[in-house]
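Data file: upload_39.cif. Format and content: mmCIF, C-alpha atoms.
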```cif
data_data
loop_
_atom_site.label_atom_id
_atom_site.label_comp_id
_atom_site.auth_asym_id
_atom_site.auth_seq_id
_atom_site.Cartn_x
_atom_site.Cartn_y
_atom_site.Cartn_z
CA MET A 1 77.95 86.45 2.79
CA THR A 2 74.79 84.39 3.33
CA VAL A 3 71.88 84.90 0.94
CA ALA A 4 68.35 85.67 2.17
CA LYS A 5 65.80 82.92 1.44
CA PHE A 6 62.16 83.49 0.62
CA LYS A 7 59.10 81.31 1.19
CA VAL A 8 55.36 82.01 1.11
CA VAL A 9 53.64 80.48 4.12
CA LEU A 10 50.21 80.42 5.76
CA ARG A 11 50.54 81.06 9.50
CA LYS A 12 48.07 78.66 11.05
CA ASP A 13 49.08 79.86 14.51
CA LYS A 14 47.57 83.27 13.69
CA VAL A 15 44.03 82.22 12.70
CA SER A 16 41.54 85.02 13.43
CA LYS A 17 38.08 84.67 14.98
CA HIS A 18 36.73 84.84 11.43
CA GLY A 19 38.61 81.66 10.56
CA GLU A 20 41.24 83.28 8.35
CA ALA A 21 45.04 83.15 8.66
CA PRO A 22 47.67 85.54 7.26
CA VAL A 23 49.50 84.50 4.10
CA CYS A 24 53.02 85.86 4.57
CA LEU A 25 56.29 86.14 2.77
CA ARG A 26 58.88 84.68 5.13
CA ILE A 27 62.42 85.98 4.69
CA THR A 28 65.21 84.01 6.39
CA LYS A 29 68.82 85.08 6.80
CA ASP A 30 71.49 83.87 9.19
CA ARG A 31 68.90 81.53 10.80
CA ARG A 32 66.67 84.47 11.69
CA CYS A 33 63.47 85.35 9.92
CA THR A 34 60.93 88.11 9.44
CA TYR A 35 57.43 88.05 7.96
CA LYS A 36 55.57 90.33 5.58
CA THR A 37 51.79 89.78 5.53
CA LEU A 38 50.33 89.75 2.03
CA PHE A 39 46.64 89.01 2.74
CA HIS A 40 44.38 86.77 4.87
CA LEU A 41 42.86 83.50 3.68
CA ASN A 42 40.75 80.55 4.81
CA PRO A 43 43.34 77.76 5.47
CA ALA A 44 41.23 75.30 3.44
CA TYR A 45 42.20 77.19 0.26
CA TRP A 46 45.98 77.10 0.85
CA ASP A 47 48.34 74.71 -0.98
CA GLU A 48 51.38 74.52 1.30
CA ASN A 49 53.61 72.55 -1.09
CA ALA A 50 52.95 74.81 -4.08
CA GLN A 51 53.00 77.97 -1.92
CA ARG A 52 49.90 79.26 -3.65
CA VAL A 53 46.13 79.61 -3.36
CA LYS A 54 44.07 76.62 -4.58
CA LYS A 55 41.99 77.04 -7.72
CA GLN A 56 38.78 76.38 -5.80
CA CYS A 57 39.17 79.70 -3.94
CA PRO A 58 37.27 82.71 -5.28
CA ASN A 59 39.77 85.25 -6.71
CA ALA A 60 42.49 82.57 -6.70
CA GLU A 61 44.05 83.96 -9.86
CA LEU A 62 44.23 87.51 -8.47
CA LEU A 63 45.61 86.36 -5.09
CA ASN A 64 48.32 84.20 -6.74
CA ALA A 65 49.27 87.14 -8.94
CA THR A 66 49.61 89.26 -5.78
CA ILE A 67 51.92 86.63 -4.26
CA ALA A 68 54.12 86.54 -7.37
CA LYS A 69 54.29 90.32 -7.62
CA LYS A 70 55.08 90.94 -3.94
CA ARG A 71 57.66 88.15 -3.82
CA ALA A 72 59.42 89.52 -6.90
CA GLU A 73 59.45 93.03 -5.42
CA MET A 74 60.87 91.85 -2.10
CA GLU A 75 63.52 89.68 -3.74
CA GLN A 76 64.62 92.60 -5.91
CA GLU A 77 64.72 95.06 -3.03
CA THR A 78 66.64 92.66 -0.79
CA TYR A 79 69.10 92.17 -3.63
CA MET A 80 69.45 95.97 -3.91
CA LEU A 81 70.05 96.10 -0.18
CA ALA A 82 72.79 93.48 -0.45
CA MET A 83 74.43 95.59 -3.17
CA THR A 84 74.45 98.56 -0.82
CA GLU A 85 75.72 96.84 2.32
CA ASN A 86 78.26 94.02 2.41
CA SER A 87 76.67 92.63 5.56
CA VAL A 88 72.89 92.88 5.74
CA SER A 89 71.12 91.85 8.94
CA ILE A 90 67.56 90.57 9.19
CA SER A 91 66.65 93.74 11.15
CA THR A 92 67.75 95.88 8.20
CA ILE A 93 65.61 93.75 5.88
CA ARG A 94 62.70 94.11 8.31
CA ASN A 95 63.11 97.91 8.26
CA LYS A 96 63.09 97.73 4.50
CA ILE A 97 59.86 95.79 4.08
CA ASN A 98 58.08 97.80 6.77
CA THR A 99 58.98 101.29 5.58
CA ARG A 100 58.80 100.45 1.87
CA THR A 101 61.59 102.92 1.21
CA SER A 102 63.51 102.03 -1.91
CA PHE A 103 67.24 101.47 -2.33
CA ASP A 104 66.78 102.88 -5.79
CA LEU A 105 67.22 106.65 -5.54
CA PHE A 106 64.79 107.39 -8.38
CA GLU A 107 62.04 105.24 -6.86
CA TYR A 108 62.50 106.86 -3.45
CA ALA A 109 62.64 110.35 -4.99
CA ASP A 110 59.42 109.78 -6.97
CA LYS A 111 57.63 108.77 -3.78
CA TYR A 112 59.01 111.79 -1.92
CA ILE A 113 57.97 114.15 -4.73
CA ARG A 114 54.42 112.74 -4.74
CA GLU A 115 54.20 113.30 -0.98
CA LEU A 116 55.31 116.93 -1.38
CA LEU A 117 52.54 117.50 -3.90
CA GLU A 118 49.94 115.83 -1.69
CA GLU A 119 51.04 117.97 1.28
CA GLY A 120 50.66 121.15 -0.75
CA LYS A 121 54.38 121.99 -0.67
CA TYR A 122 54.31 122.99 -4.30
CA SER A 123 57.41 125.20 -4.38
CA THR A 124 59.59 122.41 -2.91
CA TYR A 125 57.84 119.91 -5.19
CA LYS A 126 58.81 121.89 -8.30
CA LYS A 127 62.41 122.29 -7.16
CA CYS A 128 62.85 118.60 -6.29
CA LYS A 129 61.18 117.46 -9.50
CA SER A 130 63.59 119.58 -11.54
CA VAL A 131 66.61 118.24 -9.60
CA ILE A 132 65.62 114.61 -10.26
CA TRP A 133 64.82 115.31 -13.90
CA LYS A 134 68.39 116.55 -14.47
CA LEU A 135 69.87 113.52 -12.71
CA ARG A 136 67.72 111.09 -14.72
CA HIS A 137 68.85 112.74 -17.95
CA TYR A 138 72.48 112.43 -16.86
CA VAL A 139 72.23 108.76 -15.82
CA GLY A 140 70.17 107.75 -18.86
CA LYS A 141 68.46 104.94 -16.97
CA GLU A 142 65.28 104.51 -14.94
CA THR A 143 67.10 103.13 -11.90
CA LEU A 144 69.97 104.39 -9.75
CA PRO A 145 70.90 101.98 -6.93
CA ILE A 146 72.22 103.76 -3.86
CA LYS A 147 75.50 101.82 -4.12
CA CYS A 148 76.21 103.48 -7.47
CA ILE A 149 76.24 106.91 -5.82
CA THR A 150 79.91 107.25 -4.93
CA GLU A 151 82.13 110.25 -4.32
CA THR A 152 83.49 109.89 -7.88
CA PHE A 153 79.95 109.78 -9.29
CA LEU A 154 79.02 112.95 -7.39
CA ARG A 155 82.15 114.83 -8.50
CA LYS A 156 81.45 113.97 -12.15
CA TYR A 157 77.80 114.96 -11.82
CA GLU A 158 78.73 118.27 -10.19
CA SER A 159 81.04 118.96 -13.14
CA TYR A 160 78.23 118.04 -15.56
CA LEU A 161 75.83 120.51 -13.93
CA MET A 162 78.32 123.38 -14.13
CA ASN A 163 80.21 122.70 -17.36
CA THR A 164 77.63 120.95 -19.56
CA LEU A 165 74.34 122.43 -18.34
CA GLY A 166 75.90 125.78 -17.47
CA ASN A 167 74.38 125.94 -13.98
CA ASN A 168 76.05 128.52 -11.76
CA ARG A 169 77.72 127.63 -8.47
CA ASN A 170 74.66 128.33 -6.34
CA THR A 171 72.22 126.42 -8.57
CA THR A 172 74.62 123.47 -8.60
CA THR A 173 74.84 123.54 -4.81
CA VAL A 174 71.03 123.56 -4.48
CA ASN A 175 70.86 120.50 -6.75
CA MET A 176 73.56 118.61 -4.87
CA LYS A 177 72.14 119.43 -1.43
CA THR A 178 68.71 118.17 -2.52
CA LEU A 179 70.25 114.88 -3.66
CA GLY A 180 72.20 114.72 -0.40
CA LYS A 181 68.98 115.04 1.56
CA LEU A 182 67.35 112.15 -0.36
CA VAL A 183 70.40 109.89 -0.08
CA GLY A 184 70.65 110.72 3.63
CA ASP A 185 67.00 109.71 4.10
CA ILE A 186 67.69 106.29 2.61
CA TYR A 187 70.74 105.75 4.81
CA ARG A 188 68.77 106.66 7.93
CA ASN A 189 65.70 104.60 7.02
CA TYR A 190 67.79 101.44 6.64
CA ASP A 191 70.23 102.04 9.48
CA LEU A 192 73.08 101.98 6.96
CA ASP A 193 76.57 102.98 8.00
CA GLU A 194 76.49 106.79 7.73
CA HIS A 195 80.26 106.85 7.32
CA THR A 196 79.84 105.27 3.87
CA ASN A 197 77.52 108.04 2.67
CA PRO A 198 79.60 109.82 -0.02
CA PHE A 199 77.95 113.16 0.73
CA ARG A 200 79.83 113.24 4.05
CA LYS A 201 83.06 113.70 2.12
CA ILE A 202 81.92 116.59 -0.04
CA LYS A 203 81.49 120.24 0.91
CA PHE A 204 79.30 122.31 -1.37
CA HIS A 205 79.81 126.07 -1.33
CA GLN A 206 77.67 129.00 -2.35
CA GLU A 207 78.87 132.23 -3.91
CA GLN A 208 77.50 135.55 -2.79
CA THR A 209 75.71 136.95 -5.81
CA GLU A 210 75.68 140.58 -6.87
CA ARG A 211 72.77 142.45 -5.28
CA THR A 212 71.26 144.88 -7.77
CA TYR A 213 69.85 147.96 -6.05
CA LEU A 214 68.84 151.50 -6.97
CA GLU A 215 70.42 154.70 -5.76
CA ILE A 216 68.07 157.17 -4.09
CA GLU A 217 68.20 159.35 -7.24
CA ASP A 218 66.75 156.53 -9.37
CA ILE A 219 64.04 155.78 -6.80
CA LYS A 220 63.15 159.48 -6.90
CA LYS A 221 62.84 159.24 -10.71
CA ILE A 222 60.28 156.45 -10.31
CA GLN A 223 58.39 158.43 -7.66
CA ASP A 224 58.21 161.45 -9.98
CA PHE A 225 57.25 159.36 -13.03
CA LYS A 226 53.77 160.47 -14.13
CA VAL A 227 51.60 157.45 -14.93
CA LYS A 228 47.90 157.50 -15.73
CA LEU A 229 45.67 155.43 -13.49
CA GLN A 230 44.52 153.35 -16.47
CA SER A 231 48.10 152.58 -17.58
CA PRO A 232 49.45 149.02 -17.16
CA LEU A 233 52.52 150.67 -15.59
CA TYR A 234 50.51 152.21 -12.73
CA ASP A 235 50.26 149.15 -10.45
CA ALA A 236 53.80 148.03 -11.34
CA ARG A 237 55.14 151.42 -10.23
CA GLU A 238 53.06 151.42 -7.02
CA VAL A 239 54.10 147.89 -6.07
CA PHE A 240 57.78 148.63 -6.73
CA LEU A 241 57.77 151.75 -4.55
CA PHE A 242 55.77 149.97 -1.85
CA GLU A 243 58.51 147.33 -1.74
CA CYS A 244 61.26 149.98 -1.74
CA PHE A 245 59.89 151.47 1.49
CA THR A 246 58.72 148.31 3.29
CA GLY A 247 61.25 145.67 2.18
CA LEU A 248 58.40 143.13 1.88
CA ARG A 249 58.74 140.35 -0.66
CA ILE A 250 56.53 140.63 -3.73
CA SER A 251 54.53 137.54 -2.69
CA ASP A 252 53.65 139.25 0.60
CA ILE A 253 52.73 142.52 -1.11
CA LEU A 254 50.44 140.86 -3.66
CA THR A 255 48.65 138.94 -0.87
CA LEU A 256 48.54 141.87 1.56
CA ARG A 257 45.00 142.43 2.86
CA TRP A 258 43.55 145.56 4.43
CA LYS A 259 43.19 143.72 7.73
CA ASN A 260 47.02 143.50 7.85
CA VAL A 261 47.32 147.31 7.80
CA THR A 262 46.96 149.73 10.72
CA ASP A 263 47.63 153.45 10.84
CA ASN A 264 51.27 152.91 11.76
CA SER A 265 52.32 149.38 10.74
CA ILE A 266 51.83 146.28 8.62
CA THR A 267 51.69 142.86 10.27
CA ILE A 268 51.77 139.71 8.15
CA CYS A 269 52.68 136.05 8.19
CA MET A 270 55.40 135.78 5.54
CA ARG A 271 54.54 133.29 2.83
CA LYS A 272 58.13 132.11 2.39
CA THR A 273 58.95 131.38 6.03
CA GLU A 274 55.48 131.33 7.66
CA LYS A 275 56.87 133.62 10.38
CA SER A 276 55.17 136.76 11.68
CA LEU A 277 56.59 140.13 10.63
CA THR A 278 55.66 143.68 11.61
CA ILE A 279 56.89 146.68 9.58
CA PRO A 280 56.44 150.32 10.70
CA LEU A 281 54.91 152.45 7.94
CA HIS A 282 57.14 154.87 6.04
CA ASP A 283 55.45 158.16 5.13
CA TYR A 284 55.48 157.27 1.43
CA VAL A 285 53.84 153.91 2.17
CA LYS A 286 51.13 155.78 4.10
CA PHE A 287 50.70 158.00 1.04
CA ILE A 288 50.25 154.98 -1.28
CA LEU A 289 47.75 153.33 1.08
CA LYS A 290 45.76 156.55 1.53
CA LYS A 291 45.61 157.09 -2.22
CA ARG A 292 44.42 153.50 -2.87
CA ARG A 293 41.70 153.85 -0.23
CA ARG A 294 40.51 157.10 -1.78
CA LEU A 295 40.40 155.66 -5.32
CA LEU A 296 38.44 152.62 -4.16
CA GLU A 297 35.96 154.78 -2.27
CA GLU A 298 35.51 157.07 -5.29
CA ASP A 299 34.66 153.97 -7.35
CA GLY A 300 32.08 152.94 -4.75
CA VAL A 301 34.05 149.89 -3.65
CA LYS A 302 33.49 148.82 -0.06
CA ILE A 303 36.82 148.18 1.63
CA THR A 304 36.78 145.09 3.86
CA GLY A 305 39.60 143.47 5.80
CA GLU A 306 39.68 140.47 3.48
CA LYS A 307 40.20 142.46 0.28
CA TYR A 308 43.69 142.74 -1.20
CA VAL A 309 45.40 146.15 -0.97
CA PHE A 310 46.71 145.64 -4.51
CA ASN A 311 43.87 144.08 -6.48
CA ILE A 312 46.18 142.29 -8.94
CA LEU A 313 45.76 138.56 -8.23
CA LYS A 314 42.95 136.82 -10.09
CA ILE A 315 42.09 134.42 -7.27
CA ASP A 316 42.03 134.28 -3.48
CA VAL A 317 45.23 132.33 -2.85
CA ASP A 318 44.08 131.23 0.60
CA GLU A 319 41.16 129.41 -1.01
CA ALA A 320 43.22 127.90 -3.83
CA SER A 321 45.53 124.89 -3.91
CA ALA A 322 49.22 125.44 -3.18
CA ARG A 323 49.99 124.85 -6.87
CA ASP A 324 47.41 127.38 -8.12
CA ALA A 325 48.48 129.92 -5.49
CA LEU A 326 52.15 129.72 -6.45
CA ASN A 327 51.40 129.82 -10.18
CA THR A 328 49.11 132.85 -9.76
CA ILE A 329 51.68 134.81 -7.73
CA SER A 330 54.51 133.83 -10.10
CA SER A 331 52.47 134.88 -13.16
CA ALA A 332 51.56 138.26 -11.64
CA THR A 333 55.20 138.86 -10.62
CA ALA A 334 56.43 138.07 -14.13
CA ILE A 335 54.00 140.61 -15.63
CA ILE A 336 55.04 143.29 -13.12
CA ASN A 337 58.75 142.63 -13.81
CA LYS A 338 58.17 142.98 -17.55
CA ARG A 339 56.52 146.36 -17.00
CA LEU A 340 59.28 147.49 -14.65
CA LYS A 341 61.88 146.80 -17.33
CA TYR A 342 59.92 148.95 -19.78
CA MET A 343 59.65 151.72 -17.17
CA ALA A 344 63.42 151.60 -16.52
CA LEU A 345 64.00 151.98 -20.25
CA LYS A 346 61.76 155.07 -20.40
CA LEU A 347 63.44 156.64 -17.37
CA GLY A 348 66.99 155.86 -18.49
CA ILE A 349 67.69 153.59 -15.51
CA LYS A 350 70.46 151.28 -16.70
CA LYS A 351 69.75 148.41 -14.32
CA ASN A 352 67.77 145.21 -14.75
CA LEU A 353 64.73 146.33 -12.81
CA SER A 354 62.60 143.73 -10.99
CA THR A 355 60.51 143.58 -7.84
CA HIS A 356 63.38 142.07 -5.88
CA VAL A 357 65.59 145.06 -6.76
CA ALA A 358 63.21 147.11 -4.62
CA ARG A 359 63.80 144.84 -1.60
CA HIS A 360 67.57 145.11 -2.13
CA SER A 361 67.24 148.89 -2.43
CA PHE A 362 65.33 149.04 0.88
CA ALA A 363 68.11 147.14 2.67
CA THR A 364 70.90 149.10 1.03
CA MET A 365 69.36 152.45 1.99
CA LEU A 366 69.15 151.31 5.61
CA VAL A 367 72.77 150.08 5.70
CA THR A 368 73.92 153.33 4.08
CA GLY A 369 72.04 155.17 6.82
CA ASP A 370 74.06 153.24 9.47
CA VAL A 371 71.06 151.24 10.70
CA SER A 372 72.16 148.18 12.69
CA LEU A 373 72.33 144.93 10.69
CA PHE A 374 70.32 143.21 13.41
CA VAL A 375 67.51 145.75 12.99
CA ILE A 376 67.64 145.31 9.20
CA LYS A 377 67.54 141.53 9.70
CA GLU A 378 64.27 141.88 11.62
CA LEU A 379 62.76 144.26 9.06
CA LEU A 380 63.61 141.91 6.18
CA GLY A 381 62.44 138.85 8.10
CA HIS A 382 65.78 137.04 7.69
CA SER A 383 66.32 134.04 9.96
CA ASP A 384 70.09 134.62 10.19
CA VAL A 385 72.05 137.87 10.25
CA LYS A 386 74.61 136.23 7.92
CA VAL A 387 72.08 136.63 5.12
CA THR A 388 71.73 140.32 5.94
CA GLN A 389 75.51 140.90 6.00
CA ILE A 390 75.66 140.80 2.20
CA TYR A 391 74.26 144.35 2.23
CA ALA A 392 77.13 145.55 4.40
CA LYS A 393 79.46 144.42 1.62
CA VAL A 394 77.39 146.40 -0.88
CA VAL A 395 78.04 149.56 1.14
CA SER A 396 81.76 148.71 1.42
CA LYS A 397 81.84 148.55 -2.37
CA LYS A 398 80.19 151.97 -2.55
CA LYS A 399 82.93 153.37 -0.26
CA GLU A 400 85.62 151.93 -2.55
CA GLU A 401 83.95 153.53 -5.56
CA ALA A 402 83.91 156.88 -3.73
CA ILE A 403 87.68 156.70 -3.06
CA ASN A 404 88.29 155.75 -6.72
CA VAL A 405 86.49 158.95 -7.71
CA LEU A 406 88.93 160.92 -5.56
CA ASN A 407 91.85 159.05 -7.09
CA ARG A 408 90.80 160.27 -10.54
CA LEU A 409 90.80 163.93 -9.49
#
```

Using the file provided, produce a representation of the structure as structure tokens.
Amino acid sequence: MTVAKFKVVLRKDKVSKHGEAPVCLRITKDRRCTYKTLFHLNPAYWDENAQRVKKQCPNAELLNATIAKKRAEMEQETYMLAMTENSVSISTIRNKINTRTSFDLFEYADKYIRELLEEGKYSTYKKCKSVIWKLRHYVGKETLPIKCITETFLRKYESYLMNTLGNNRNTTTVNMKTLGKLVGDIYRNYDLDEHTNPFRKIKFHQEQTERTYLEIEDIKKIQDFKVKLQSPLYDAREVFLFECFTGLRISDILTLRWKNVTDNSITICMRKTEKSLTIPLHDYVKFILKKRRRLLEEDGVKITGEKYVFNILKIDVDEASARDALNTISSATAIINKRLKYMALKLGIKKNLSTHVARHSFATMLVTGDVSLFVIKELLGHSDVKVTQIYAKVVSKKKEEAINVLNRL
């Protein structure tokens, strides 16, 4: 295996009309070379033998420090590349220095995470940051060369997530798939042999989790629950029932504006998927909306299309940063869930009540009523009917429980 050679050169054949030439790092391997431009310089200030800027040049010290730093970085990264691939071509090295993608997984991941934050993808940013934090803690080092990520390494790390950290199967799969995406990016960016990517040899599975839902009797209890308008439980109860009869996610309910509501339907752009969704209005939803309009009008509040239906959020999320929007919605949801748990305790409902239980209850009621899964898929805004099919299994379980009751007679 031939070793890449490095030399800093001034390319006199590339002198600009301003009289400056590029100072480049020349990398040679297998008699082929590629150049990385560092900066431009008047040729009179270049010392060819010493491969450095002459002292007479203004900023000579800073420019020479730049040369030393960039050369060291490129030598290290080319060495990392050689560790990854037994045979490294000059084109692969060229891809490396042009894309500036690192062969160190942590360095690449840090760059990717920063880009997510800059692009406002705060939810994905938080998830990826958590995934890398766990891996860093496991490795115990600040670097993780791509060559060190083998099938054996991944199997051991998967075991660590489940057996040491106590992550469930689905959380573990999310972590491993995120790492697989980052490793795959590095392989593609450098034209590495995809067949050597260890993630190709591993299948990660997800378990279908138990869907907690309420029976119609329990939903009726919540409907009949008398709550004063001034009570902290009032909005929590209204939001829960609104979700029970629309199936909307809590993030979409909290950000629902009056302009999204007509006499017969709600039309929104879902925050999670950014896809449009239209939901026909259930009679009880119409009742909630009519009551909220009346209360606002009695208080002298002018209802405009831009105002939230549920005036719970402290900020306008469309005007806020992605981070502030997510944090505000998450905080409001946590408060509502806490109040729902208290309400369940008062009503004797022996289930862990949360806003998402309402969405599950909506779907389960529809499946129980023999509504087509494809219709339910559209109402829930699922992208794949396979996600919706979990509710069919819930109903199958209910049928088994019914037969078991007969068996006990």

Carefully work through the PyMOL selection byres ((chain A and resi 344-347) around 12) for this structure and note down the residues it includes, as a compact mmCIF listing (two decimals) with C-alpha atoms, in the frame of the given file.
```
# COMPACT_ATOMS: atom_id res chain seq x y z
CA LEU A 214 68.84 151.50 -6.97
CA GLU A 217 68.20 159.35 -7.24
CA ASP A 218 66.75 156.53 -9.37
CA ILE A 219 64.04 155.78 -6.80
CA LYS A 220 63.15 159.48 -6.90
CA LYS A 221 62.84 159.24 -10.71
CA ILE A 222 60.28 156.45 -10.31
CA GLN A 223 58.39 158.43 -7.66
CA ASP A 224 58.21 161.45 -9.98
CA PHE A 225 57.25 159.36 -13.03
CA LYS A 226 53.77 160.47 -14.13
CA VAL A 227 51.60 157.45 -14.93
CA LEU A 233 52.52 150.67 -15.59
CA ALA A 236 53.80 148.03 -11.34
CA ARG A 237 55.14 151.42 -10.23
CA PHE A 240 57.78 148.63 -6.73
CA ASN A 337 58.75 142.63 -13.81
CA LYS A 338 58.17 142.98 -17.55
CA ARG A 339 56.52 146.36 -17.00
CA LEU A 340 59.28 147.49 -14.65
CA LYS A 341 61.88 146.80 -17.33
CA TYR A 342 59.92 148.95 -19.78
CA MET A 343 59.65 151.72 -17.17
CA GLY A 348 66.99 155.86 -18.49
CA ILE A 349 67.69 153.59 -15.51
CA LYS A 350 70.46 151.28 -16.70
CA LYS A 351 69.75 148.41 -14.32
CA ASN A 352 67.77 145.21 -14.75
CA LEU A 353 64.73 146.33 -12.81
CA SER A 354 62.60 143.73 -10.99
CA VAL A 357 65.59 145.06 -6.76
```

(request) Just give me the gap between CA of Leu289 in chain A and CA of Val309 in chain A in Å, one decimal is fine. (result)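 Rounded to one decimal, the two atoms are 7.8 Å apart.
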
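When CA of Lys307 in chain A is paired with CA of Ser123 in chain A, their separation reads 24.8 Å.
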
(request) Go through the shown structure with the PyMOL selection byres ((chain A and resi 378) around 12) and write out the matching residues as a VMD selection string. (result) chain A and resid 246 to 248 275 to 280 363 371 to 377 379 to 385 387 to 388

(request) Would you mind telling me which residue in A:Phe153, A:Lys17, A:Glu210, A:Asp316 lies nearest to Arg257 in chain A when using only C-alpha atoms? (result) A:Asp316

(request) May I have the residues within 6 Å of Tyr125 in chain A as a list in words, using only C-alpha atoms and disregarding those fewer than 6 positions away in the same chain? (result)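 Listed by chain and then number, they are Ile113, Leu116 and Leu117 of chain A.
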
(message) List the spatial neighbours of range 29-46 of chain A as an MDAnalysis selection string - criterion: any atom at most 6 Å away, all atoms listed in the file, same-chain residues fewer than 6 positions off excluded.
(response) chainID A and resid 4 20:23 53:54 57

How would the residues just chosen look if you wrote them out with C-alpha atoms as a PDB file, keeping the file's coordinate frame?
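Result file out15.pdb:
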```
ATOM      1  CA  ALA A   4      68.350  85.670   2.170  1.00  0.00           C
ATOM      2  CA  GLU A  20      41.240  83.280   8.350  1.00  0.00           C
ATOM      3  CA  ALA A  21      45.040  83.150   8.660  1.00  0.00           C
ATOM      4  CA  PRO A  22      47.670  85.540   7.260  1.00  0.00           C
ATOM      5  CA  VAL A  23      49.500  84.500   4.100  1.00  0.00           C
ATOM      6  CA  VAL A  53      46.130  79.610  -3.360  1.00  0.00           C
ATOM      7  CA  LYS A  54      44.070  76.620  -4.580  1.00  0.00           C
ATOM      8  CA  CYS A  57      39.170  79.700  -3.940  1.00  0.00           C
TER       9      CYS A  57
END
```

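Shortest separation to Thr355 in chain A among A:Glu48, A:Glu238, A:Asp263, A:Asp370 occurs at residue A:Glu238, atoms counted being all atoms listed in the file.
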
(request) Within 7 Å of His360 in chain A, counting all atoms listed in the file, which residues show up once you throw out same-chain ones fewer than 6 positions away? Write them as a count of residues only, please. (result) 3

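Ranking A:Ala109, A:Cys128, A:Ile250, A:Leu192 by their shortest atom-to-atom distance to Lys147 in chain A, with only C-alpha atoms included, puts A:Leu192 first.
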
(message) Between CA of Thr172 in chain A and CA of Glu118 in chain A, what distance in Å does the model show, to one decimal?
(response)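 Straight-line distance from CA of Thr172 in chain A to CA of Glu118 in chain A works out to 26.7 Å.
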
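When the PyMOL selection byres ((chain A and resi 169) around 10) is evaluated on the file shown here, the picked residues come out as Glu158, Leu161, Met162, Gly166, Asn167, Asn168, Asn170, Thr171, Thr172, Thr173, Val174, Phe204, His205, Gln206, Glu207, Gln208 and Thr209 of chain A.
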
(request) For Val8 in chain A, work out the shell of residues within 7 Å, counting all atoms listed in the file and skipping chain neighbours fewer than 5 positions away, then give it as an MDAnalysis selection string. (result) chainID A and resid 24:26 51
